[in-house]
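Enquirer: File work-v3.cif below, mmCIF, C-alpha atoms (C1' of nucleotides):
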```cif
data_final
loop_
_atom_site.label_atom_id
_atom_site.label_comp_id
_atom_site.auth_asym_id
_atom_site.auth_seq_id
_atom_site.Cartn_x
_atom_site.Cartn_y
_atom_site.Cartn_z
CA MET A 1 20.95 -80.45 73.30
CA PHE A 2 21.56 -77.06 71.73
CA GLN A 3 20.20 -75.38 68.68
CA LEU A 4 22.55 -72.48 68.39
CA THR A 5 22.16 -69.87 65.70
CA GLY A 6 23.76 -66.62 64.89
CA GLU A 7 26.52 -64.61 63.42
CA TYR A 8 28.14 -62.20 65.81
CA GLU A 9 30.72 -59.55 65.23
CA CYS A 10 33.04 -59.11 68.16
CA LYS A 11 36.46 -58.14 69.33
CA MET A 12 39.42 -59.75 70.94
CA ASP A 13 41.50 -57.52 73.19
CA ALA A 14 45.26 -57.41 73.54
CA LYS A 15 45.17 -60.13 76.16
CA GLY A 16 43.42 -62.56 73.85
CA ARG A 17 40.07 -62.27 75.58
CA ILE A 18 36.79 -62.51 73.71
CA LYS A 19 33.57 -61.24 75.18
CA LEU A 20 30.85 -63.68 74.23
CA PRO A 21 27.93 -61.69 72.84
CA ALA A 22 24.89 -61.48 75.07
CA GLY A 23 22.73 -63.13 72.43
CA LEU A 24 24.94 -66.17 72.47
CA ILE A 25 25.10 -66.36 76.24
CA ARG A 26 21.33 -66.27 76.27
CA GLN A 27 21.15 -69.27 73.95
CA LEU A 28 23.56 -71.11 76.17
CA SER A 29 20.82 -70.93 78.70
CA GLY A 30 21.82 -69.36 81.93
CA SER A 31 24.29 -66.96 83.29
CA GLY A 32 26.85 -68.26 85.78
CA SER A 33 30.28 -69.28 84.65
CA LEU A 34 30.07 -71.08 81.35
CA SER A 35 32.51 -73.75 80.36
CA PHE A 36 33.75 -74.62 76.89
CA VAL A 37 36.35 -76.53 74.99
CA ILE A 38 38.14 -74.79 72.17
CA ASN A 39 40.23 -76.43 69.47
CA ARG A 40 41.45 -76.15 65.92
CA GLY A 41 38.75 -76.28 63.30
CA PHE A 42 38.69 -76.75 59.56
CA GLU A 43 39.77 -74.03 57.16
CA LYS A 44 41.80 -72.56 59.98
CA CYS A 45 38.96 -71.36 62.09
CA LEU A 46 38.60 -72.25 65.74
CA MET A 47 35.80 -74.34 67.15
CA LEU A 48 34.21 -73.63 70.47
CA TYR A 49 32.06 -76.33 72.05
CA PRO A 50 29.99 -76.01 75.20
CA LYS A 51 31.54 -78.42 77.66
CA GLN A 52 28.54 -80.74 77.63
CA VAL A 53 28.71 -81.01 73.86
CA TRP A 54 32.39 -81.73 73.95
CA ASP A 55 31.90 -84.45 76.49
CA LYS A 56 29.31 -86.11 74.32
CA LYS A 57 31.61 -85.96 71.32
CA THR A 58 34.58 -87.38 73.12
CA GLN A 59 32.50 -90.28 74.27
CA GLU A 60 31.88 -91.14 70.66
CA VAL A 61 35.45 -90.64 69.62
CA ASN A 62 36.67 -92.76 72.48
CA GLN A 63 34.80 -95.71 71.00
CA LEU A 64 37.21 -95.71 68.11
CA ASN A 65 39.93 -98.28 67.82
CA ILE A 66 43.37 -96.79 68.32
CA TYR A 67 44.93 -99.86 66.75
CA ASN A 68 43.37 -98.93 63.48
CA PRO A 69 45.68 -96.39 61.77
CA LYS A 70 42.89 -94.38 60.23
CA GLU A 71 40.87 -94.20 63.38
CA ARG A 72 43.98 -93.38 65.37
CA GLN A 73 44.67 -90.51 63.03
CA PHE A 74 41.14 -89.26 63.36
CA ILE A 75 41.37 -89.29 67.13
CA ARG A 76 44.47 -87.15 67.04
CA TYR A 77 42.90 -84.82 64.55
CA PHE A 78 39.80 -84.50 66.62
CA TYR A 79 41.63 -83.54 69.77
CA ARG A 80 44.17 -81.22 68.17
CA GLY A 81 44.60 -78.20 70.34
CA ALA A 82 41.67 -78.92 72.61
CA THR A 83 41.73 -76.64 75.63
CA GLU A 84 39.15 -76.08 78.28
CA VAL A 85 38.17 -72.46 78.76
CA SER A 86 35.60 -70.77 80.93
CA THR A 87 34.16 -67.32 81.06
CA ASP A 88 35.61 -64.77 83.45
CA SER A 89 33.56 -62.36 85.50
CA ALA A 90 32.77 -60.32 82.41
CA GLU A 91 31.69 -63.28 80.27
CA ARG A 92 34.92 -63.38 78.34
CA ILE A 93 36.97 -66.41 77.37
CA LEU A 94 40.73 -66.42 77.08
CA VAL A 95 41.97 -67.94 73.84
CA PRO A 96 45.30 -69.81 74.00
CA LYS A 97 48.08 -68.12 72.08
CA SER A 98 48.79 -71.13 69.91
CA LEU A 99 45.21 -71.14 68.68
CA ILE A 100 45.24 -67.41 68.01
CA GLU A 101 48.22 -67.99 65.76
CA TYR A 102 46.67 -70.96 64.08
CA ALA A 103 43.52 -69.09 63.10
CA LEU A 104 45.36 -65.85 62.34
CA LEU A 105 43.06 -63.97 64.67
CA ASP A 106 43.41 -60.27 65.17
CA LYS A 107 41.25 -57.70 66.82
CA GLU A 108 38.17 -58.04 64.64
CA LEU A 109 36.41 -61.36 64.84
CA MET A 110 33.29 -63.09 63.68
CA LEU A 111 31.54 -65.85 65.53
CA LEU A 112 29.30 -68.24 63.66
CA ALA A 113 27.11 -70.33 65.91
CA TYR A 114 25.24 -73.31 64.55
CA HIS A 115 23.80 -76.47 65.96
CA GLU A 116 25.98 -77.31 68.95
CA GLN A 117 29.09 -75.33 68.19
CA ILE A 118 30.59 -71.97 67.49
CA GLU A 119 33.20 -71.15 64.87
CA ILE A 120 35.62 -68.32 65.52
CA TRP A 121 37.08 -66.47 62.54
CA SER A 122 39.04 -63.33 61.95
CA LYS A 123 36.63 -60.91 60.35
CA ASP A 124 38.65 -60.71 57.15
CA ARG A 125 38.99 -64.41 56.67
CA TYR A 126 35.33 -64.92 57.43
CA ALA A 127 34.32 -62.46 54.76
CA ALA A 128 36.66 -64.10 52.28
CA MET A 129 35.29 -67.52 53.13
CA LEU A 130 31.72 -66.44 52.39
CA GLU A 131 32.54 -64.47 49.31
CA THR A 132 31.78 -67.21 46.88
CA GLU A 133 28.69 -69.31 46.87
CA PRO A 134 29.67 -72.94 47.34
CA GLU A 135 29.51 -75.09 44.26
CA GLU A 136 26.46 -77.25 44.00
CA PHE A 137 24.78 -75.16 46.63
CA SER A 138 21.39 -75.43 45.02
CA GLU A 139 21.74 -79.17 44.51
CA LEU A 140 22.61 -79.65 48.12
CA ALA A 141 19.82 -77.35 49.16
CA ALA A 142 17.38 -79.43 47.17
CA GLU A 143 18.61 -82.54 48.89
CA VAL A 144 18.52 -81.06 52.33
CA PHE A 145 15.15 -79.37 52.08
CA GLY A 146 13.53 -81.87 49.81
CA ASN A 147 13.35 -81.12 46.10
CA ARG A 148 9.70 -80.26 45.82
CA GLN A 149 8.54 -76.85 46.91
CA SER A 150 10.93 -73.96 46.83
CA PRO A 151 13.97 -74.83 48.87
CA GLY A 152 13.97 -71.30 50.04
CA THR A 153 17.19 -71.70 51.94
CA ASP A 154 17.67 -68.01 51.92
CA MET B 1 3.06 -73.69 58.66
CA PHE B 2 2.69 -70.28 57.04
CA GLN B 3 1.42 -69.16 53.72
CA LEU B 4 2.60 -65.60 53.62
CA THR B 5 1.76 -63.31 50.77
CA GLY B 6 2.19 -59.71 49.96
CA GLU B 7 4.32 -56.86 48.86
CA TYR B 8 4.69 -54.08 51.40
CA GLU B 9 6.29 -50.71 51.15
CA CYS B 10 7.85 -49.52 54.36
CA LYS B 11 10.53 -47.46 55.99
CA MET B 12 13.61 -47.97 58.06
CA ASP B 13 14.48 -45.23 60.50
CA ALA B 14 17.90 -43.85 61.36
CA LYS B 15 18.38 -46.47 64.03
CA GLY B 16 17.86 -49.31 61.59
CA ARG B 17 14.42 -50.20 62.83
CA ILE B 18 11.71 -51.49 60.51
CA LYS B 19 8.08 -51.38 61.46
CA LEU B 20 6.50 -54.58 60.21
CA PRO B 21 3.33 -53.67 58.34
CA ALA B 22 0.13 -54.50 60.16
CA GLY B 23 -0.96 -56.73 57.31
CA LEU B 24 2.08 -58.87 57.74
CA ILE B 25 1.76 -59.05 61.50
CA ARG B 26 -1.78 -60.23 61.00
CA GLN B 27 -0.61 -63.10 58.80
CA LEU B 28 1.91 -64.04 61.41
CA SER B 29 -1.08 -64.74 63.56
CA GLY B 30 -1.04 -63.06 66.87
CA SER B 31 0.19 -59.97 68.51
CA GLY B 32 2.65 -60.32 71.36
CA SER B 33 6.36 -60.14 70.76
CA LEU B 34 7.22 -61.90 67.52
CA SER B 35 10.53 -63.58 66.97
CA PHE B 36 12.42 -63.93 63.72
CA VAL B 37 15.76 -64.84 62.27
CA ILE B 38 17.21 -62.57 59.62
CA ASN B 39 20.11 -63.42 57.34
CA ARG B 40 21.73 -62.70 54.02
CA GLY B 41 19.74 -63.78 51.01
CA PHE B 42 20.44 -64.17 47.34
CA GLU B 43 20.86 -61.18 45.05
CA LYS B 44 21.81 -59.17 48.10
CA CYS B 45 18.42 -59.00 49.67
CA LEU B 46 17.80 -59.99 53.26
CA MET B 47 15.64 -62.90 54.34
CA LEU B 48 13.43 -62.82 57.35
CA TYR B 49 12.09 -66.08 58.74
CA PRO B 50 9.63 -66.53 61.56
CA LYS B 51 11.56 -68.26 64.30
CA GLN B 52 9.57 -71.47 63.97
CA VAL B 53 10.35 -71.66 60.27
CA TRP B 54 14.03 -71.09 60.90
CA ASP B 55 14.10 -73.80 63.53
CA LYS B 56 12.54 -76.25 61.13
CA LYS B 57 15.15 -75.44 58.50
CA THR B 58 18.08 -75.67 60.85
CA GLN B 59 16.96 -79.07 62.03
CA GLU B 60 17.52 -80.36 58.55
CA VAL B 61 20.76 -78.52 58.03
CA ASN B 62 22.08 -79.85 61.30
CA GLN B 63 21.83 -83.38 59.95
CA LEU B 64 24.67 -82.64 57.59
CA ASN B 65 28.10 -84.02 58.18
CA ILE B 66 30.53 -81.40 59.30
CA TYR B 67 33.46 -83.59 58.29
CA ASN B 68 32.43 -83.43 54.67
CA PRO B 69 33.91 -80.25 53.15
CA LYS B 70 30.98 -79.58 50.84
CA GLU B 71 28.41 -80.07 53.52
CA ARG B 72 30.40 -77.99 55.96
CA GLN B 73 30.55 -75.12 53.53
CA PHE B 74 26.86 -75.46 52.88
CA ILE B 75 26.13 -75.11 56.57
CA ARG B 76 28.17 -71.94 56.79
CA TYR B 77 26.60 -70.45 53.73
CA PHE B 78 23.15 -71.26 54.96
CA TYR B 79 23.75 -69.59 58.30
CA ARG B 80 25.62 -66.57 57.01
CA GLY B 81 24.50 -63.45 58.79
CA ALA B 82 21.87 -65.20 60.83
CA THR B 83 20.70 -63.04 63.69
CA GLU B 84 17.74 -63.46 65.94
CA VAL B 85 15.53 -60.40 66.11
CA SER B 86 12.28 -59.74 67.86
CA THR B 87 9.77 -56.99 67.63
CA ASP B 88 9.92 -54.13 70.10
CA SER B 89 6.93 -52.58 71.76
CA ALA B 90 5.97 -50.89 68.48
CA GLU B 91 6.28 -54.01 66.33
CA ARG B 92 9.60 -53.00 64.88
CA ILE B 93 12.65 -55.14 64.33
CA LEU B 94 16.20 -53.87 64.59
CA VAL B 95 18.30 -54.84 61.60
CA PRO B 96 22.00 -55.44 62.30
CA LYS B 97 24.30 -52.87 60.73
CA SER B 98 26.26 -55.43 58.80
CA LEU B 99 23.13 -56.68 57.09
CA ILE B 100 21.99 -53.16 56.26
CA GLU B 101 25.28 -52.69 54.49
CA TYR B 102 25.09 -56.01 52.74
CA ALA B 103 21.68 -55.30 51.25
CA LEU B 104 22.41 -51.62 50.64
CA LEU B 105 19.30 -50.66 52.52
CA ASP B 106 18.29 -47.05 52.94
CA LYS B 107 15.17 -45.40 54.19
CA GLU B 108 12.75 -46.73 51.60
CA LEU B 109 12.22 -50.46 51.65
CA MET B 110 10.08 -53.14 50.10
CA LEU B 111 9.09 -56.34 51.79
CA LEU B 112 8.12 -59.32 49.72
CA ALA B 113 6.42 -62.07 51.67
CA TYR B 114 5.90 -65.49 50.17
CA HIS B 115 5.46 -68.98 51.50
CA GLU B 116 7.25 -69.03 54.84
CA GLN B 117 9.60 -66.13 54.45
CA ILE B 118 9.97 -62.45 53.81
CA GLU B 119 12.50 -60.77 51.57
CA ILE B 120 13.71 -57.30 52.45
CA TRP B 121 14.89 -55.02 49.65
CA SER B 122 15.77 -51.41 49.27
CA LYS B 123 12.96 -49.90 47.22
CA ASP B 124 15.29 -48.97 44.38
CA ARG B 125 16.93 -52.33 44.11
CA TYR B 126 13.58 -54.06 44.32
CA ALA B 127 12.28 -52.04 41.41
CA ALA B 128 15.43 -52.73 39.44
CA MET B 129 15.18 -56.41 40.19
CA LEU B 130 11.63 -56.55 38.89
CA GLU B 131 12.56 -54.75 35.74
CA THR B 132 14.36 -57.74 34.31
CA GLU B 133 12.98 -58.58 30.94
CA PRO B 134 9.51 -60.05 30.86
CA GLU B 135 10.49 -62.18 27.84
CA GLU B 136 13.07 -63.90 29.90
CA PHE B 137 10.46 -64.32 32.53
CA SER B 138 8.18 -66.37 30.37
CA GLU B 139 11.03 -68.61 29.36
CA LEU B 140 11.87 -68.94 32.99
CA ALA B 141 8.32 -69.80 33.87
CA ALA B 142 8.25 -72.43 31.15
CA GLU B 143 11.41 -73.95 32.48
CA VAL B 144 10.39 -73.89 36.08
CA PHE B 145 6.90 -75.20 35.63
CA GLY B 146 7.68 -77.41 32.67
CA ASN B 147 4.90 -77.58 30.12
CA ARG B 148 2.12 -77.92 32.59
CA GLN B 149 -0.36 -75.18 33.26
CA SER B 150 0.98 -71.84 34.32
CA PRO B 151 0.31 -70.79 37.89
CA GLY B 152 -0.89 -67.46 36.61
CA THR B 153 2.17 -65.46 37.52
CA ASP B 154 1.00 -61.84 37.40
"C1'" DG C 1 -18.50 -37.07 50.75
"C1'" DG C 2 -16.53 -35.16 54.61
"C1'" DG C 3 -15.73 -35.37 59.57
"C1'" DT C 4 -13.96 -38.05 63.05
"C1'" DA C 5 -12.24 -41.78 65.78
"C1'" DA C 6 -9.23 -45.51 65.67
"C1'" DA C 7 -5.40 -47.80 63.90
"C1'" DA C 8 -0.95 -47.69 61.85
"C1'" DG C 9 3.35 -45.66 61.31
"C1'" DT C 10 7.31 -42.49 62.67
"C1'" DG C 11 10.74 -40.29 65.45
"C1'" DG C 12 13.57 -39.32 69.22
"C1'" DG C 13 15.03 -38.89 74.37
"C1'" DT C 14 16.63 -41.65 77.96
"C1'" DA C 15 17.62 -45.38 81.12
"C1'" DA C 16 19.50 -49.81 81.09
"C1'" DA C 17 22.29 -53.35 79.14
"C1'" DA C 18 26.18 -54.80 76.61
"C1'" DG C 19 30.78 -54.30 75.30
"C1'" DT C 20 35.59 -52.62 75.98
"C1'" DG C 21 39.95 -51.55 77.98
"C1'" DG C 22 43.29 -51.51 81.32
"C1'" DG C 23 45.37 -51.47 86.03
"C1'" DT C 24 46.15 -54.53 89.92
"C1'" DT C 25 46.16 -58.66 92.51
"C1'" DT C 26 46.54 -63.55 92.60
"C1'" DT C 27 48.10 -67.79 90.92
"C1'" DT C 28 51.20 -70.80 88.63
"C1'" DC C 29 55.36 -72.42 86.81
"C1'" DT C 30 60.22 -72.81 86.75
"C1'" DA D 1 61.74 -66.13 94.80
"C1'" DG D 2 60.85 -64.05 90.49
"C1'" DA D 3 58.60 -63.79 86.13
"C1'" DA D 4 54.74 -64.60 83.45
"C1'" DA D 5 50.17 -65.55 82.86
"C1'" DA D 6 45.54 -65.54 84.32
"C1'" DA D 7 41.65 -63.79 86.96
"C1'" DC D 8 39.48 -59.92 89.12
"C1'" DC D 9 37.73 -55.47 89.39
"C1'" DC D 10 36.41 -51.03 88.01
"C1'" DA D 11 35.51 -47.28 84.82
"C1'" DC D 12 34.13 -45.81 80.58
"C1'" DT D 13 31.87 -46.06 75.85
"C1'" DT D 14 28.55 -47.82 72.80
"C1'" DT D 15 24.38 -49.99 71.72
"C1'" DT D 16 19.80 -51.42 72.55
"C1'" DA D 17 15.14 -51.39 74.40
"C1'" DC D 18 11.59 -48.89 76.29
"C1'" DC D 19 8.60 -45.16 76.47
"C1'" DC D 20 6.03 -41.43 74.92
"C1'" DA D 21 4.44 -38.12 71.67
"C1'" DC D 22 3.25 -36.89 67.28
"C1'" DT D 23 1.81 -37.62 62.24
"C1'" DT D 24 -0.45 -40.11 58.73
"C1'" DT D 25 -3.59 -43.30 57.01
"C1'" DT D 26 -7.64 -46.13 57.24
"C1'" DA D 27 -12.30 -47.23 58.41
"C1'" DC D 28 -16.66 -45.93 59.81
"C1'" DC D 29 -20.79 -43.29 60.32
"C1'" DC D 30 -23.88 -39.67 59.54
#
```
Would you mind writing the file out in structure tokens?
Expert:
Amino acid sequence: MFQLTGEYECKMDAKGRIKLPAGLIRQLSGSGSLSFVINRGFEKCLMLYPKQVWDKKTQEVNQLNIYNPKERQFIRYFYRGATEVSTDSAERILVPKSLIEYALLDKELMLLAYHEQIEIWSKDRYAAMLETEPEEFSELAAEVFGNRQSPGTD
Amino acid sequence: MFQLTGEYECKMDAKGRIKLPAGLIRQLSGSGSLSFVINRGFEKCLMLYPKQVWDKKTQEVNQLNIYNPKERQFIRYFYRGATEVSTDSAERILVPKSLIEYALLDKELMLLAYHEQIEIWSKDRYAAMLETEPEEFSELAAEVFGNRQSPGTD
DNA sequence: GGGTAAAAGTGGGTAAAAGTGGGTTTTTCT
DNA sequence: AGAAAAACCCACTTTTACCCACTTTTACCC
């Protein structure tokens, strides 16, 4: 559906609006008013899903059995904070206050787009998150890229 | 897909533009506007991937399970800094400021192309990197290639 | 081997695009 | 109805892409 890529530096203004970078808009194919769902992500970042992606995901989650405690818990966790947002006339989205608090966002942000989603981080916390190479990175890389020729990764 | 080779000396201008050497362009088969993805590499160099190569890699990375903490972190680390860049009318790419800082790039650069990717180094740091003890290198080679024939390093 | 034409590389001005901020109107909620 | 929040609009700043001109290097030919 999407094959998003890119790290973008951007800013949130005093009203909690984020201008989506032009490069990202371009990948989301098309101008017009774009629609997303935003919710709480792991490690206290926010996740932004194009509406179509969100719809696909909810369909899967809705298959789960709410009478099963674990699955019930997952459903709640999945939906936590989910809010629909769309771009205004200047291609900005308005982030709900509760989510701004959750992710400790301030003026300076980083967006990390991959696959079908976009993570939103405060610039500081993003830098801190990437500071250390994950353990077993090379092992995982070997698995992911096949363990023969140079995994390359980056 | 590609079998890039070569060490190229080149320059970055005050605007952060790098002219890709003609020899490299030739290997990338074709003129026209070329598209790449650049991101942070190991040892603080930058990595430049032809767009097709990047897409192939992301396809594999996107198979990972975002609900698994290790795999999630791997995804983020893999993507860190990723920015799409394409050549301008003079076959130059514009390197994002944040990546210039990361790799401590200044005017004089070295490009090292191998396999399907291109490393970008400041000339100084490239020289320093290559200075690392040759003795260690042979041990390294022995380890990497086991006791089979040597590939003829250089 | 040197002159010359072509290709490669470099630099900067400028118009257009992207990003930013804030005032004002409209909507919504109580 | 009044307050608060959201959407709209406009103006301004910053960044990027395009264009053109100039320098340097390479390749070729006599």
Enquirer: Translate the PyMOL selection byres ((chain B and resi 57) around 10), as applied to the file shown, into an explicit residue set as a list of chain:residue names.
Expert: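 So the PyMOL selection byres ((chain B and resi 57) around 10), applied here, picks out A:Val144, A:Phe145, A:Pro151, A:Gly152, A:Thr153, B:Tyr49, B:Lys51, B:Gln52, B:Val53, B:Trp54, B:Asp55, B:Lys56, B:Thr58, B:Gln59, B:Glu60, B:Val61, B:Asn62, B:Phe78.
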Enquirer: Spell out the residues picked by the PyMOL selection byres ((chain A) within 10 of (chain D)) here, as a PyMOL selection string.
Expert: chain A and resi 15+88-90+94
Enquirer: Residues of chain A within 10 Å of chain B, using only C-alpha atoms, as number ranges by chain?
Expert: A: 3-9, 23, 42-43, 112-116, 119, 126-127, 129-138, 140-141, 143-146, 149-154
Enquirer: Could you spell out the hits of the PyMOL selection byres ((chain A) within 12 of (chain C)) on the shown file, as a VMD selection string?
Expert: chain A and resid 9 to 15 17 to 23 25 90 to 92 107
Enquirer: Keeping C-alpha atoms for every residue in the selection just given, could you write it to a file as a short mmCIF file (atom, residue, chain, number, x, y, z; two decimals), keeping the file's coordinate frame?
Expert:
```
data_model
loop_
_atom_site.label_atom_id
_atom_site.label_comp_id
_atom_site.auth_asym_id
_atom_site.auth_seq_id
_atom_site.Cartn_x
_atom_site.Cartn_y
_atom_site.Cartn_z
CA GLU A 9 30.72 -59.55 65.23
CA CYS A 10 33.04 -59.11 68.16
CA LYS A 11 36.46 -58.14 69.33
CA MET A 12 39.42 -59.75 70.94
CA ASP A 13 41.50 -57.52 73.19
CA ALA A 14 45.26 -57.41 73.54
CA LYS A 15 45.17 -60.13 76.16
CA ARG A 17 40.07 -62.27 75.58
CA ILE A 18 36.79 -62.51 73.71
CA LYS A 19 33.57 -61.24 75.18
CA LEU A 20 30.85 -63.68 74.23
CA PRO A 21 27.93 -61.69 72.84
CA ALA A 22 24.89 -61.48 75.07
CA GLY A 23 22.73 -63.13 72.43
CA ILE A 25 25.10 -66.36 76.24
CA ALA A 90 32.77 -60.32 82.41
CA GLU A 91 31.69 -63.28 80.27
CA ARG A 92 34.92 -63.38 78.34
CA LYS A 107 41.25 -57.70 66.82
#
```
Enquirer: Record the distance separating CA of Asp124 in chain B and CA of Ala142 in chain B, expressed in Å with one decimal.
Expert: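 Atom-to-atom, CA of Asp124 in chain B and CA of Ala142 in chain B are spaced 27.8 Å apart.
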Enquirer: Mind pulling up the distance from CA of Phe2 in chain B to CA of Gln27 in chain B?
Expert: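 Taking CA of Gln27 in chain B and CA of Phe2 in chain B, their separation equals 8.1 Å.
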Enquirer: Provide an axis-aligned box for all listed atoms of range 7-15 of chain C, padding each side by 8 Å; report its centre and its edge lengths in Å to one decimal, as JSON.
Expert:
```
{"center_x": 6.1, "center_y": -43.3, "center_z": 71.2, "size_x": 39.0, "size_y": 24.9, "size_z": 35.8}
```
Enquirer: Using CA of Glu101 in chain B and CA of Phe36 in chain B as the two end points, give the distance in Å to one decimal.
Expert: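 CA of Glu101 in chain B sits 19.4 Å away from CA of Phe36 in chain B.
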Enquirer: Can you work out which one of A:Asn65, A:Leu34, A:Arg26, A:Lys123 has the shortest atom-to-atom distance to Ala103 in chain A, counting only C-alpha atoms?
Expert: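 Smallest separation from Ala103 in chain A among the options: A:Lys123.
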Enquirer: For range 8-19 of chain D in the structure I just supplied, write out N, CA and C atoms (P, O5', C5', C4', C3', O3' and C1' of nucleotides) - as an mmCIF file, in the first residue's frame.
Expert:
```cif
data_model
loop_
_atom_site.group_PDB
_atom_site.id
_atom_site.type_symbol
_atom_site.label_atom_id
_atom_site.label_comp_id
_atom_site.auth_asym_id
_atom_site.auth_seq_id
_atom_site.Cartn_x
_atom_site.Cartn_y
_atom_site.Cartn_z
ATOM 1 P P DC D 8 -10.774 24.626 6.857
ATOM 2 O "O5'" DC D 8 -10.476 26.177 6.748
ATOM 3 C "C5'" DC D 8 -11.521 27.101 7.070
ATOM 4 C "C4'" DC D 8 -10.978 28.504 6.904
ATOM 5 C "C3'" DC D 8 -10.111 28.707 5.667
ATOM 6 O "O3'" DC D 8 -10.693 29.743 4.883
ATOM 7 C "C1'" DC D 8 -9.054 29.590 7.601
ATOM 8 P P DC D 9 -10.128 30.048 3.399
ATOM 9 O "O5'" DC D 9 -9.181 31.294 3.695
ATOM 10 C "C5'" DC D 9 -9.668 32.364 4.521
ATOM 11 C "C4'" DC D 9 -8.527 33.296 4.841
ATOM 12 C "C3'" DC D 9 -7.584 33.569 3.673
ATOM 13 O "O3'" DC D 9 -7.572 34.956 3.445
ATOM 14 C "C1'" DC D 9 -6.370 33.047 5.656
ATOM 15 P P DC D 10 -6.937 35.505 2.060
ATOM 16 O "O5'" DC D 10 -5.622 36.210 2.600
ATOM 17 C "C5'" DC D 10 -5.735 37.118 3.711
ATOM 18 C "C4'" DC D 10 -4.376 37.283 4.347
ATOM 19 C "C3'" DC D 10 -3.249 37.620 3.357
ATOM 20 O "O3'" DC D 10 -2.633 38.801 3.811
ATOM 21 C "C1'" DC D 10 -2.582 35.926 4.857
ATOM 22 P P DA D 11 -1.694 39.632 2.818
ATOM 23 O "O5'" DA D 11 -0.344 39.669 3.653
ATOM 24 C "C5'" DA D 11 -0.387 39.998 5.045
ATOM 25 C "C4'" DA D 11 0.899 39.535 5.682
ATOM 26 C "C3'" DA D 11 2.149 39.891 4.873
ATOM 27 O "O3'" DA D 11 3.135 40.334 5.777
ATOM 28 C "C1'" DA D 11 2.122 37.583 5.314
ATOM 29 P P DC D 12 4.348 41.258 5.234
ATOM 30 O "O5'" DC D 12 5.620 40.434 5.714
ATOM 31 C "C5'" DC D 12 5.660 39.968 7.066
ATOM 32 C "C4'" DC D 12 6.450 38.681 7.100
ATOM 33 C "C3'" DC D 12 7.809 38.759 6.386
ATOM 34 O "O3'" DC D 12 8.814 38.724 7.391
ATOM 35 C "C1'" DC D 12 6.680 36.685 5.989
ATOM 36 P P DT D 13 10.373 38.884 6.942
ATOM 37 O "O5'" DT D 13 10.890 37.380 7.079
ATOM 38 C "C5'" DT D 13 10.654 36.670 8.289
ATOM 39 C "C4'" DT D 13 11.127 35.248 8.098
ATOM 40 C "C3'" DT D 13 12.569 35.134 7.598
ATOM 41 O "O3'" DT D 13 13.236 34.259 8.483
ATOM 42 C "C1'" DT D 13 11.096 33.855 6.232
ATOM 43 P P DT D 14 14.801 33.970 8.331
ATOM 44 O "O5'" DT D 14 14.823 32.559 7.596
ATOM 45 C "C5'" DT D 14 14.055 31.490 8.133
ATOM 46 C "C4'" DT D 14 14.046 30.352 7.146
ATOM 47 C "C3'" DT D 14 15.432 29.978 6.612
ATOM 48 O "O3'" DT D 14 15.628 28.638 6.980
ATOM 49 C "C1'" DT D 14 13.841 30.121 4.850
ATOM 50 P P DT D 15 16.999 27.856 6.649
ATOM 51 O "O5'" DT D 15 16.602 27.018 5.346
ATOM 52 C "C5'" DT D 15 15.402 26.263 5.362
ATOM 53 C "C4'" DT D 15 15.099 25.761 3.977
ATOM 54 C "C3'" DT D 15 16.299 25.095 3.283
ATOM 55 O "O3'" DT D 15 15.892 23.776 2.999
ATOM 56 C "C1'" DT D 15 15.175 26.610 1.825
ATOM 57 P P DT D 16 16.908 22.710 2.301
ATOM 58 O "O5'" DT D 16 16.424 22.778 0.791
ATOM 59 C "C5'" DT D 16 15.035 22.633 0.521
ATOM 60 C "C4'" DT D 16 14.776 22.884 -0.951
ATOM 61 C "C3'" DT D 16 15.728 22.150 -1.900
ATOM 62 O "O3'" DT D 16 14.888 21.439 -2.779
ATOM 63 C "C1'" DT D 16 15.543 24.428 -2.508
ATOM 64 P P DA D 17 15.495 20.414 -3.861
ATOM 65 O "O5'" DA D 17 15.328 21.226 -5.219
ATOM 66 C "C5'" DA D 17 14.020 21.656 -5.597
ATOM 67 C "C4'" DA D 17 14.130 22.451 -6.867
ATOM 68 C "C3'" DA D 17 14.925 21.776 -7.974
ATOM 69 O "O3'" DA D 17 14.189 21.978 -9.170
ATOM 70 C "C1'" DA D 17 15.877 23.900 -7.483
ATOM 71 P P DC D 18 14.629 21.326 -10.531
ATOM 72 O "O5'" DC D 18 15.080 22.597 -11.365
ATOM 73 C "C5'" DC D 18 14.172 23.705 -11.483
ATOM 74 C "C4'" DC D 18 14.935 24.879 -12.019
ATOM 75 C "C3'" DC D 18 15.777 24.565 -13.250
ATOM 76 O "O3'" DC D 18 15.299 25.364 -14.320
ATOM 77 C "C1'" DC D 18 17.006 25.835 -11.658
ATOM 78 P P DC D 19 15.817 25.086 -15.801
ATOM 79 O "O5'" DC D 19 16.863 26.280 -15.966
ATOM 80 C "C5'" DC D 19 16.482 27.599 -15.537
ATOM 81 C "C4'" DC D 19 17.724 28.459 -15.496
ATOM 82 C "C3'" DC D 19 18.659 28.261 -16.683
ATOM 83 O "O3'" DC D 19 18.768 29.489 -17.380
ATOM 84 C "C1'" DC D 19 19.857 28.276 -14.619
#
```
